[in-house]
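Structure file upload-v4.cif (mmCIF, C-alpha atoms and all ligand atoms) is printed below.
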data_run
#
loop_
_atom_site.label_atom_id
_atom_site.label_comp_id
_atom_site.auth_asym_id
_atom_site.auth_seq_id
_atom_site.Cartn_x
_atom_site.Cartn_y
_atom_site.Cartn_z
CA MET A 1 0.00 0.00 0.00
CA LEU A 2 1.25 3.45 -0.83
CA ARG A 3 1.47 6.00 1.93
CA LYS A 4 -0.37 8.84 0.30
CA ASP A 5 -3.86 9.15 -1.02
CA LEU A 6 -3.01 9.40 -4.68
CA THR A 7 -4.77 10.11 -7.91
CA SER A 8 -5.41 7.21 -10.28
CA LEU A 9 -1.88 7.46 -11.67
CA ASN A 10 1.06 7.75 -9.31
CA THR A 11 2.64 10.60 -11.18
CA GLY A 12 3.28 14.33 -10.93
CA PRO A 13 5.13 16.39 -8.37
CA THR A 14 3.43 14.88 -5.33
CA PHE A 15 4.61 11.35 -6.10
CA ARG A 16 8.32 11.08 -5.36
CA ILE A 17 10.37 8.18 -6.72
CA GLY A 18 13.97 7.69 -5.60
CA VAL A 19 16.55 5.62 -7.46
CA LEU A 20 19.75 4.31 -5.90
CA GLY A 21 22.37 4.53 -8.64
CA GLY A 22 22.70 7.18 -11.32
CA GLY A 23 24.29 5.32 -14.23
CA GLN A 24 22.91 4.57 -17.67
CA LEU A 25 20.12 2.36 -16.35
CA GLY A 26 18.84 5.22 -14.21
CA ARG A 27 19.26 7.60 -17.11
CA MET A 28 17.09 5.50 -19.41
CA MET A 29 14.55 5.11 -16.59
CA ILE A 30 14.34 8.91 -16.34
CA GLN A 31 13.88 9.23 -20.10
CA THR A 32 10.83 7.00 -19.80
CA ALA A 33 9.59 8.57 -16.57
CA ILE A 34 9.30 11.95 -18.25
CA ASP A 35 6.59 10.60 -20.59
CA LEU A 36 4.35 9.83 -17.61
CA ASP A 37 5.43 12.92 -15.68
CA MET A 38 7.00 10.72 -13.04
CA ARG A 39 9.51 12.64 -10.90
CA VAL A 40 12.69 10.69 -10.30
CA GLU A 41 15.32 11.64 -7.70
CA VAL A 42 18.73 9.99 -7.72
CA MET A 43 21.61 9.15 -5.39
CA ASP A 44 25.00 8.10 -6.74
CA PRO A 45 28.57 8.29 -5.41
CA SER A 46 29.92 10.04 -8.49
CA HIS A 47 29.49 13.75 -9.12
CA GLU A 48 29.69 12.86 -12.82
CA ALA A 49 26.88 10.28 -12.79
CA PRO A 50 25.05 10.09 -16.14
CA CYS A 51 21.75 10.95 -14.36
CA ARG A 52 23.01 14.03 -12.60
CA SER A 53 21.77 16.71 -14.96
CA LEU A 54 18.48 14.95 -15.73
CA THR A 55 16.99 14.45 -12.31
CA HIS A 56 14.77 16.57 -10.08
CA ARG A 57 17.15 16.03 -7.16
CA PHE A 58 20.64 14.57 -7.23
CA ILE A 59 22.37 13.56 -4.02
CA GLN A 60 26.01 12.52 -4.10
CA GLY A 61 26.31 9.74 -1.56
CA ASP A 62 27.65 6.28 -0.77
CA LEU A 63 25.06 3.68 -1.80
CA ASN A 64 26.44 1.27 0.80
CA ASP A 65 26.08 3.71 3.69
CA SER A 66 22.89 2.88 5.58
CA ASP A 67 22.46 6.44 6.92
CA ALA A 68 23.02 8.01 3.49
CA VAL A 69 20.43 5.68 1.92
CA TYR A 70 17.96 6.34 4.72
CA ASP A 71 18.39 10.12 4.55
CA PHE A 72 17.99 10.11 0.77
CA GLY A 73 14.78 8.08 0.90
CA LYS A 74 12.98 9.04 4.08
CA ASP A 75 10.63 11.61 2.50
CA LEU A 76 10.01 9.68 -0.73
CA ASP A 77 6.94 7.63 -1.63
CA VAL A 78 8.89 4.81 -3.22
CA ILE A 79 12.52 3.87 -3.66
CA THR A 80 14.08 1.54 -6.20
CA ILE A 81 17.50 0.60 -7.55
CA GLU A 82 19.45 0.52 -10.77
CA ILE A 83 22.33 -1.38 -9.16
CA GLU A 84 22.09 -4.11 -6.52
CA HIS A 85 25.22 -3.14 -4.56
CA VAL A 86 23.41 -0.90 -2.07
CA SER A 87 22.83 -0.84 1.69
CA VAL A 88 20.11 -3.38 2.46
CA GLU A 89 20.02 -2.12 6.03
CA GLY A 90 19.25 1.41 4.81
CA LEU A 91 16.43 0.03 2.65
CA ARG A 92 15.04 -2.03 5.54
CA ARG A 93 14.91 1.11 7.68
CA LEU A 94 13.08 2.96 4.92
CA GLU A 95 10.58 0.15 4.55
CA ALA A 96 10.00 0.11 8.32
CA SER A 97 9.28 3.85 8.19
CA GLY A 98 6.59 3.40 5.50
CA VAL A 99 8.47 4.02 2.25
CA ARG A 100 7.58 1.50 -0.46
CA VAL A 101 10.79 -0.34 -1.49
CA ILE A 102 10.92 -2.13 -4.86
CA PRO A 103 12.45 -4.69 -5.04
CA LYS A 104 12.18 -5.89 -1.45
CA PRO A 105 15.33 -5.51 0.66
CA ASN A 106 15.46 -9.27 1.40
CA HIS A 107 15.55 -10.00 -2.32
CA ILE A 108 18.37 -7.54 -2.87
CA ALA A 109 20.28 -9.19 0.01
CA LEU A 110 19.82 -12.62 -1.58
CA ILE A 111 21.02 -11.41 -4.97
CA GLN A 112 24.02 -9.51 -3.60
CA ASP A 113 25.53 -12.85 -2.56
CA LYS A 114 26.08 -15.35 -5.38
CA GLY A 115 26.42 -18.11 -2.74
CA LEU A 116 22.96 -17.43 -1.27
CA GLN A 117 21.57 -17.20 -4.81
CA LYS A 118 22.90 -20.64 -5.66
CA GLN A 119 21.55 -22.09 -2.39
CA PHE A 120 18.16 -20.58 -3.19
CA PHE A 121 18.15 -22.22 -6.65
CA ALA A 122 19.13 -25.56 -5.14
CA LYS A 123 16.44 -25.35 -2.45
CA HIS A 124 13.73 -24.59 -5.00
CA LYS A 125 14.95 -27.19 -7.52
CA ILE A 126 15.76 -24.51 -10.09
CA PRO A 127 18.38 -26.06 -12.39
CA THR A 128 21.79 -24.45 -11.94
CA ALA A 129 25.39 -25.66 -12.42
CA ASP A 130 26.57 -27.90 -9.54
CA PHE A 131 28.42 -25.85 -6.95
CA THR A 132 30.04 -25.68 -3.58
CA LEU A 133 30.97 -22.74 -1.33
CA ILE A 134 34.66 -22.47 -0.48
CA ASP A 135 34.09 -20.49 2.71
CA GLU A 136 31.59 -23.07 3.96
CA GLY A 137 34.07 -25.93 3.68
CA GLY A 138 33.53 -26.77 -0.01
CA CYS A 139 36.47 -28.06 -2.04
CA LEU A 140 37.30 -29.23 -5.54
CA THR A 141 37.10 -32.92 -4.69
CA GLY A 142 34.70 -34.63 -7.02
CA MET A 143 34.17 -31.60 -9.24
CA GLY A 144 36.67 -32.15 -12.06
CA PHE A 145 38.01 -29.31 -14.21
CA PRO A 146 37.11 -26.87 -15.70
CA VAL A 147 35.62 -25.15 -12.69
CA VAL A 148 34.45 -21.55 -12.35
CA GLN A 149 35.35 -19.57 -9.25
CA LYS A 150 33.11 -16.57 -8.50
CA LEU A 151 33.45 -14.15 -5.64
CA ARG A 152 30.27 -14.35 -3.59
CA VAL A 153 29.98 -10.58 -3.20
CA GLY A 154 30.86 -7.51 -5.24
CA GLY A 155 31.53 -8.98 -8.71
CA TYR A 156 29.96 -7.50 -11.84
CA ASP A 157 30.45 -7.65 -15.61
CA GLY A 158 32.63 -10.75 -15.27
CA LYS A 159 34.93 -9.13 -12.69
CA GLY A 160 35.30 -11.62 -9.86
CA VAL A 161 34.77 -14.61 -12.16
CA GLN A 162 37.66 -16.90 -13.07
CA ILE A 163 37.69 -20.12 -15.07
CA LEU A 164 40.10 -22.70 -13.64
CA LYS A 165 41.12 -25.16 -16.32
CA SER A 166 43.45 -27.17 -14.11
CA GLU A 167 45.03 -27.29 -10.66
CA SER A 168 47.80 -24.93 -11.88
CA ASP A 169 45.27 -22.10 -12.46
CA ILE A 170 44.47 -21.96 -8.76
CA ASP A 171 45.67 -18.73 -7.21
CA GLN A 172 45.89 -19.54 -3.46
CA LYS A 173 45.22 -15.96 -2.38
CA ARG A 174 42.03 -15.71 -4.46
CA PHE A 175 41.10 -19.24 -3.55
CA SER A 176 40.88 -18.22 0.10
CA GLU A 177 38.24 -15.56 -0.62
CA ALA A 178 34.56 -16.29 -0.01
CA SER A 179 33.51 -17.73 -3.35
CA VAL A 180 31.31 -20.12 -5.22
CA LEU A 181 33.04 -22.98 -7.03
CA GLU A 182 30.87 -24.02 -9.90
CA GLN A 183 31.03 -26.75 -12.50
CA ALA A 184 31.76 -25.17 -15.89
CA VAL A 185 28.88 -25.62 -18.32
CA ASP A 186 29.72 -26.49 -21.92
CA ILE A 187 27.75 -23.51 -23.20
CA ASP A 188 25.95 -23.55 -26.52
CA LYS A 189 24.16 -20.22 -26.01
CA GLU A 190 23.82 -17.62 -23.26
CA LEU A 191 20.19 -16.61 -22.95
CA GLY A 192 18.40 -13.93 -20.98
CA VAL A 193 14.80 -13.63 -19.86
CA ILE A 194 13.38 -10.42 -18.47
CA VAL A 195 10.28 -10.91 -16.40
CA ALA A 196 8.22 -8.37 -14.50
CA ARG A 197 6.00 -9.20 -11.53
CA ASN A 198 3.83 -6.66 -9.78
CA SER A 199 2.42 -6.55 -6.27
CA ALA A 200 -0.78 -8.27 -7.43
CA GLY A 201 1.29 -11.23 -8.68
CA ALA A 202 0.72 -10.49 -12.40
CA THR A 203 3.67 -11.31 -14.65
CA ALA A 204 4.91 -10.30 -18.10
CA ILE A 205 7.80 -11.99 -19.90
CA TYR A 206 9.78 -10.44 -22.75
CA PRO A 207 10.95 -12.45 -25.77
CA ILE A 208 14.08 -14.48 -24.94
CA VAL A 209 17.39 -12.81 -25.70
CA GLU A 210 20.56 -14.47 -26.98
CA SER A 211 23.84 -12.82 -25.93
CA ILE A 212 27.14 -12.97 -27.79
CA PHE A 213 30.20 -12.22 -25.64
CA ASP A 214 33.36 -10.30 -26.46
CA PRO A 215 36.08 -12.74 -25.33
CA ASN A 216 38.55 -9.90 -24.54
CA ALA A 217 36.24 -7.79 -22.42
CA ASN A 218 34.10 -10.71 -21.13
CA LEU A 219 31.15 -8.39 -21.78
CA VAL A 220 28.20 -8.75 -24.10
CA SER A 221 29.22 -7.44 -27.51
CA SER A 222 25.88 -8.06 -29.21
CA LEU A 223 22.53 -9.65 -28.57
CA PHE A 224 19.51 -10.71 -30.52
CA ALA A 225 15.85 -11.12 -29.65
CA PRO A 226 14.05 -13.39 -30.02
CA ALA A 227 16.80 -15.97 -29.48
CA GLN A 228 17.11 -18.53 -32.25
CA ILE A 229 15.88 -21.50 -30.26
CA ASP A 230 12.87 -23.73 -30.85
CA ASP A 231 9.44 -23.20 -29.32
CA SER A 232 9.82 -25.88 -26.69
CA LEU A 233 13.10 -24.40 -25.40
CA THR A 234 11.57 -20.93 -25.49
CA GLN A 235 8.72 -22.16 -23.32
CA LYS A 236 11.13 -23.92 -20.94
CA ALA A 237 13.22 -20.74 -20.57
CA LYS A 238 10.10 -18.67 -19.84
CA ASP A 239 8.84 -21.24 -17.32
CA LEU A 240 12.20 -21.21 -15.56
CA ALA A 241 12.18 -17.43 -15.25
CA LEU A 242 8.62 -17.58 -13.90
CA ASN A 243 9.60 -20.27 -11.39
CA VAL A 244 12.35 -18.00 -10.10
CA VAL A 245 10.16 -14.93 -9.51
CA GLU A 246 7.31 -16.96 -8.07
CA ALA A 247 9.51 -18.99 -5.74
CA MET A 248 10.87 -15.68 -4.41
CA ASP A 249 7.51 -13.89 -4.36
CA PHE A 250 9.50 -11.21 -6.16
CA VAL A 251 8.03 -7.81 -7.00
CA GLY A 252 9.91 -5.78 -9.61
CA LEU A 253 11.74 -6.44 -12.85
CA MET A 254 14.08 -9.42 -12.92
CA ALA A 255 16.70 -10.40 -15.49
CA VAL A 256 17.29 -14.15 -15.43
CA GLU A 257 20.54 -15.22 -17.11
CA LEU A 258 20.52 -18.75 -18.48
CA PHE A 259 23.03 -21.11 -20.04
CA LEU A 260 21.86 -23.48 -22.75
CA SER A 261 24.34 -26.36 -22.67
CA LYS A 262 25.52 -28.28 -25.72
CA THR A 263 23.43 -31.20 -24.43
CA GLY A 264 20.30 -29.00 -24.67
CA ASP A 265 19.81 -28.39 -20.94
CA LEU A 266 18.99 -25.03 -19.39
CA PHE A 267 20.71 -23.77 -16.22
CA VAL A 268 20.08 -20.54 -14.37
CA ASN A 269 23.40 -18.71 -14.12
CA GLU A 270 22.38 -15.72 -12.06
CA ILE A 271 19.62 -13.19 -11.57
CA ALA A 272 19.57 -9.40 -11.41
CA PRO A 273 16.65 -7.62 -9.68
CA ARG A 274 16.51 -4.62 -12.01
CA THR A 275 16.59 -3.35 -15.55
CA HIS A 276 19.42 -4.99 -17.43
CA ASN A 277 21.82 -4.58 -20.34
CA SER A 278 20.09 -7.50 -22.04
CA GLY A 279 16.83 -5.51 -22.19
CA HIS A 280 17.96 -2.25 -23.76
CA HIS A 281 16.55 -3.13 -27.17
CA THR A 282 13.04 -3.21 -25.63
CA ILE A 283 13.03 0.61 -25.80
CA GLU A 284 12.56 0.36 -29.55
CA SER A 285 11.37 -3.18 -30.03
CA ASN A 286 8.53 -3.74 -27.53
CA GLN A 287 5.27 -1.99 -26.72
CA THR A 288 6.45 -1.42 -23.16
CA SER A 289 10.18 -1.09 -22.62
CA GLN A 290 11.90 -2.69 -19.63
CA PHE A 291 12.29 0.81 -18.15
CA ALA A 292 8.59 1.64 -18.52
CA GLN A 293 7.70 -1.76 -17.09
CA HIS A 294 9.96 -1.27 -14.10
CA LEU A 295 8.39 2.13 -13.42
CA ARG A 296 4.91 0.61 -13.66
CA VAL A 297 5.78 -1.91 -10.94
CA VAL A 298 7.40 0.82 -8.85
CA ALA A 299 4.31 3.05 -9.13
CA ASP A 300 1.96 0.09 -8.59
CA LEU A 301 0.34 0.42 -12.02
CA PRO A 302 -0.85 -2.55 -14.11
CA LEU A 303 1.88 -4.19 -16.20
CA GLY A 304 2.30 -3.05 -19.80
CA ASN A 305 1.99 -5.12 -22.94
CA VAL A 306 5.36 -6.62 -23.96
CA SER A 307 4.47 -7.56 -27.55
CA LYS A 308 7.09 -7.05 -30.22
CA LEU A 309 6.96 -3.98 -32.44
CA HIS A 310 9.54 -5.51 -34.79
CA GLU A 311 10.12 -9.12 -35.74
CA VAL A 312 13.77 -9.05 -34.67
CA ALA A 313 15.92 -6.74 -32.56
CA GLY A 314 19.66 -6.61 -32.07
CA MET A 315 21.86 -4.57 -29.76
CA ILE A 316 25.54 -3.82 -29.51
CA ASN A 317 27.28 -2.27 -26.53
CA LEU A 318 29.58 0.65 -27.27
CA LEU A 319 32.57 -0.22 -25.09
CA GLY A 320 35.64 1.96 -24.63
CA ALA A 321 38.53 0.76 -26.82
CA ALA A 322 41.30 -1.23 -25.07
CA ASP A 323 43.61 1.82 -24.95
CA ALA A 324 41.07 4.65 -24.64
CA PHE A 325 41.26 7.33 -21.93
CA GLY A 326 40.19 10.95 -21.64
CA ALA A 327 37.07 12.42 -23.23
CA PRO A 328 35.22 9.92 -25.44
CA VAL A 329 35.33 10.10 -29.22
CA TYR A 330 32.54 8.16 -30.96
CA GLU A 331 34.19 7.05 -34.18
CA ARG A 332 31.94 6.87 -37.28
CA LEU A 333 28.74 7.37 -35.33
CA GLN A 334 27.31 9.50 -38.13
CA GLU A 335 27.33 6.47 -40.44
CA ALA A 336 25.36 4.49 -37.87
CA ILE A 337 22.82 7.26 -37.42
CA ASP A 338 22.26 7.29 -41.17
CA MET A 339 21.35 3.57 -41.30
CA SER A 340 17.64 2.74 -41.18
CA GLY A 341 16.37 0.84 -38.15
CA VAL A 342 19.46 1.86 -36.14
CA HIS A 343 19.10 3.76 -32.86
CA PRO A 344 22.21 4.87 -30.97
CA HIS A 345 22.06 5.70 -27.25
CA LEU A 346 25.03 7.50 -25.71
CA TYR A 347 25.22 7.53 -21.92
CA GLY A 348 26.81 10.96 -21.52
CA LYS A 349 29.88 9.73 -19.63
CA SER A 350 32.57 12.39 -19.61
CA GLN A 351 35.49 9.94 -19.49
CA VAL A 352 36.15 6.81 -21.51
CA LYS A 353 38.12 3.87 -20.08
CA PRO A 354 39.04 0.52 -21.61
CA PHE A 355 35.88 -1.58 -21.98
CA ARG A 356 33.72 0.95 -20.11
CA LYS A 357 30.09 0.85 -21.27
CA MET A 358 29.71 4.21 -23.05
CA GLY A 359 26.49 3.58 -24.93
CA HIS A 360 24.60 1.04 -26.98
CA VAL A 361 23.00 0.83 -30.40
CA THR A 362 19.74 -0.97 -31.12
CA VAL A 363 18.90 -2.42 -34.51
CA THR A 364 15.36 -3.39 -35.47
CA GLY A 365 14.23 -5.22 -38.57
CA SER A 366 11.89 -7.69 -40.15
CA ASN A 367 14.14 -10.73 -40.13
CA HIS A 368 17.18 -12.14 -38.39
CA GLU A 369 19.52 -11.94 -41.37
CA GLU A 370 18.85 -8.23 -41.94
CA VAL A 371 19.40 -7.40 -38.27
CA HIS A 372 22.45 -9.66 -38.01
CA ASN A 373 24.10 -8.02 -41.03
CA LYS A 374 23.53 -4.53 -39.64
CA VAL A 375 24.91 -5.59 -36.27
CA LEU A 376 28.05 -6.98 -37.95
CA LYS A 377 28.46 -3.73 -39.90
CA LEU A 378 28.10 -1.65 -36.72
CA LEU A 379 30.61 -3.83 -34.86
CA GLU A 380 33.02 -3.26 -37.74
CA ILE A 381 32.67 0.52 -38.02
CA LEU A 382 31.93 1.76 -34.50
CA SER A 383 34.46 2.27 -31.76
CA VAL A 384 34.89 4.57 -28.81
CA THR A 385 38.36 6.00 -28.57
CA GLY A 386 39.53 8.78 -26.26
CA THR A 387 41.39 12.07 -26.38
CA GLN A 388 44.25 10.37 -24.49
CA GLU A 389 45.81 6.98 -25.20
CA GLY A 390 46.79 4.61 -22.39
P1 LIG B 401 28.95 -11.42 -13.59
O1 LIG B 401 27.88 -11.38 -12.55
O2 LIG B 401 30.20 -10.74 -13.15
O3 LIG B 401 28.46 -10.99 -14.95
P2 LIG B 401 28.61 -14.23 -14.34
O4 LIG B 401 28.29 -15.20 -13.26
O5 LIG B 401 27.46 -13.81 -15.20
O6 LIG B 401 29.34 -12.95 -13.71
O7 LIG B 401 29.74 -14.83 -15.24
C1 LIG B 401 30.32 -14.09 -16.33
C2 LIG B 401 30.50 -15.00 -17.53
O8 LIG B 401 31.39 -16.09 -17.19
C3 LIG B 401 29.23 -15.68 -18.00
O9 LIG B 401 28.46 -14.83 -18.82
C4 LIG B 401 29.79 -16.90 -18.73
O10 LIG B 401 30.27 -16.54 -20.03
C5 LIG B 401 30.98 -17.29 -17.87
N1 LIG B 401 30.54 -18.30 -16.87
C6 LIG B 401 30.03 -18.06 -15.65
N2 LIG B 401 29.68 -19.20 -15.02
C7 LIG B 401 29.97 -20.20 -15.86
C8 LIG B 401 29.84 -21.63 -15.81
N3 LIG B 401 29.37 -22.29 -14.74
N4 LIG B 401 30.25 -22.34 -16.89
C9 LIG B 401 30.77 -21.74 -17.98
N5 LIG B 401 30.93 -20.39 -18.09
C10 LIG B 401 30.53 -19.63 -17.06
#

Before we go any further, please render this structure as structure tokens.
Amino acid sequence: MLRKDLTSLNTGPTFRIGVLGGGQLGRMMIQTAIDLDMRVEVMDPSHEAPCRSLTHRFIQGDLNDSDAVYDFGKDLDVITIEIEHVSVEGLRRLEASGVRVIPKPNHIALIQDKGLQKQFFAKHKIPTADFTLIDEGGCLTGMGFPVVQKLRVGGYDGKGVQILKSESDIDQKRFSEASVLEQAVDIDKELGVIVARNSAGATAIYPIVESIFDPNANLVSSLFAPAQIDDSLTQKAKDLALNVVEAMDFVGLMAVELFLSKTGDLFVNEIAPRTHNSGHHTIESNQTSQFAQHLRVVADLPLGNVSKLHEVAGMINLLGAADAFGAPVYERLQEAIDMSGVHPHLYGKSQVKPFRKMGHVTVTGSNHEEVHNKVLKLLEILSVTGTQEG
């Protein structure tokens, strides 16, 4: 229940939404919020956060500081996140004082720790790669290489993840850190499912996404939706994502990352309780984008229609070049802008760094081949260099 007696739409100056995190995800949320006259206020540690100049109120503060989170949110109607590394204690205090918190603090706590996430999957019989927890006495015995070591807390974008091919890859110092040891999956495809669930328990699932990784950056270089998998796998992937949000009684937008193994099995890799890089194309390609859907759940509105507006969508991330520093230079962007069905999004970051996410480009089209060819062309021509070289 919301605190105030509100009009039929939770919008306008009397309805205050706070977002923890002011990066590109928050920025795209604000772009959408403007359409419904939703007022978004933001806290982020960086004075250069991409949201700073777009928000009604910007507070520079430590997202992991319980007092800072509490002070930022105490007069708001609702608070949400665009990054999960935030003070759960601060959010619990806000909830106790009557602020609506989406997603729930307990869910953020679960997702902050990859070990707890894996235990949750195991408890609810959600298929996931076999694992053990080093800091809870787990060891390699019986696992067989390759094995993946993941820090339980604090990793993102592949940082904190290491593939151990043999005994000699074990770094004793890292091996002593609290981590998950996971059986490596022989991956055929990496898939993503974005699912929204509101406080009434209604759900909406976006078309499945297939991600292609850049082996150097270990970041998604391109993705396509719908994934090229058959109907029965599509249904299985959707059912799995639904199982996850229902088992949690989750309220919010959830990105469920899946591995499809070469033997045709699906495993949940991890989940993110927020808008996600694998849903950026929904801005152009679906009736309701992931950002609009997230805001609907936050403002307790009915879920939006997720039908496709285009048969196929593709997306590439614009990552900083391996030696790029200084102010960003978007090489050959004009050519991309001139292509039909191509929509660049720049995040307004003042400094480029190697592999930093500086923007993305969405491609929409009527068939997979057309979209795939445009994506390949964009990957070939676009790069983000900097005014200084490293
Ligand atoms: P992060 O949260 O930092 O993105 P992930 O858990 O998603 O970390 O892992 C990053 C990447 O590492 C995955 O997208 C996948 O390519 C690879 N990876 C992770 N776990 C496994 C696994 N069990 N088997 C094979 N590859 C894996």

Residues of chain A within 6 Å of ligand LIG 401 (chain B): nearest atom pair and distance (Å, one decimal) for each, counting all atoms listed in the file, sorted by chain and number, as JSON lines?
{"residue": "A:Ala129", "atom": "CA", "partner": "B:LIG401", "partner_atom": "N3", "distance": 5.7}
{"residue": "A:Val148", "atom": "CA", "partner": "B:LIG401", "partner_atom": "N3", "distance": 5.7}
{"residue": "A:Gly155", "atom": "CA", "partner": "B:LIG401", "partner_atom": "O2", "distance": 5.0}
{"residue": "A:Tyr156", "atom": "CA", "partner": "B:LIG401", "partner_atom": "O2", "distance": 3.5}
{"residue": "A:Asp157", "atom": "CA", "partner": "B:LIG401", "partner_atom": "O3", "distance": 3.9}
{"residue": "A:Gly158", "atom": "CA", "partner": "B:LIG401", "partner_atom": "O2", "distance": 3.2}
{"residue": "A:Lys159", "atom": "CA", "partner": "B:LIG401", "partner_atom": "O2", "distance": 5.0}
{"residue": "A:Val161", "atom": "CA", "partner": "B:LIG401", "partner_atom": "O6", "distance": 5.9}
{"residue": "A:Glu182", "atom": "CA", "partner": "B:LIG401", "partner_atom": "N3", "distance": 5.4}
{"residue": "A:Gln183", "atom": "CA", "partner": "B:LIG401", "partner_atom": "N3", "distance": 5.3}
{"residue": "A:Ala184", "atom": "CA", "partner": "B:LIG401", "partner_atom": "N4", "distance": 3.4}
{"residue": "A:Val185", "atom": "CA", "partner": "B:LIG401", "partner_atom": "N4", "distance": 3.8}

Practice task
Please determine the residues with any atom at most 10 Å from (22.4, 7.0, -10.2) (coordinates as given in the file, with all atoms listed in the file counting) and report them as a VMD selection string.
Solution key: chain A and resid 18 to 27 41 to 52 55 58 to 61 63 81 to 83

Within 6 Å of range 306-324 of chain A: each range 168-251 of chain A residue with its shortest pair, all atoms listed in the file, as JSON lines:
{"residue": "A:Tyr206", "atom": "CA", "partner": "A:Val306", "partner_atom": "CA", "distance": 6.0}
{"residue": "A:Ser221", "atom": "CA", "partner": "A:Ile316", "partner_atom": "CA", "distance": 5.5}
{"residue": "A:Ser222", "atom": "CA", "partner": "A:Ile316", "partner_atom": "CA", "distance": 4.3}
{"residue": "A:Leu223", "atom": "CA", "partner": "A:Met315", "partner_atom": "CA", "distance": 5.3}
{"residue": "A:Phe224", "atom": "CA", "partner": "A:Gly314", "partner_atom": "CA", "distance": 4.4}
{"residue": "A:Ala225", "atom": "CA", "partner": "A:Ala313", "partner_atom": "CA", "distance": 5.3}

Exercise for the section: Work out how far CA of Thr275 in chain A is from CA of Met29 in chain A, in Å to one decimal. Expected result: 8.8 Å

Problem - Residue neighbourhood Asp75 in chain A, 10 Å, all atoms listed in the file, exclusion window fewer than 5 positions, as an MDAnalysis selection string - result: chainID A and resid 16:18 70 94 97:99

Problem - Neighbour list for Asp113 in chain A as a ChimeraX atom specification, cut-off 9 Å, all atoms listed in the file, skip fewer than 2 positions in-chain - result: /A:108-111,115-118,151-154

Exercise for the section: Please identify all polymer residues lying at most 12 Å from the point (4.5, 10.7, -20.3) (file coordinates), using only C-alpha atoms, and present the result as a list in words. Expected result: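 Checked against the point, the hits come out as Leu9, Asn10, Thr11, Gly12, Ile30, Gln31, Thr32, Ala33, Ile34, Asp35, Leu36, Asp37, Met38, Arg39, Ala292 and Leu295 of chain A.
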
Practice task
Can you work out which one of A:Gly279, A:Gly304, A:Gly144, A:Pro273 has the shortest atom-to-atom distance to Pro105 in chain A, counting all atoms listed in the file?
Solution key: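 Using all atoms listed in the file, the shortest distance to Pro105 in chain A belongs to A:Pro273.
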
Practice task
Point out the residue among A:Val209, A:Gln149, A:Val352, A:Val251 with the least atom-to-atom distance to Val298 in chain A, counting only C-alpha atoms.
Solution key: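 Once distances to Val298 in chain A are computed over only C-alpha atoms, the minimum belongs to A:Val251.
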
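For the choices A:Arg296, A:Asp67, A:Gln112, A:Met143, the atom-to-atom distance to Glu84 in chain A is smallest for A:Gln112 when using only C-alpha atoms.
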
Exercise for the section: Identify which of the residues A:Gly160, A:Gly348, A:Pro127, A:Pro146 lies closest to Lys114 in chain A, counting all atoms listed in the file when measuring atom-to-atom distances. Expected result: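 Residue with the minimum atom-to-atom distance to Lys114 in chain A: A:Gly160.
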
Practice task
Take CA of Glu95 in chain A and CA of Asn305 in chain A and report the distance between them in Å, one decimal.
Solution key: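 Taking CA of Glu95 in chain A as the start and CA of Asn305 in chain A as the end point, the length is 29.3 Å.
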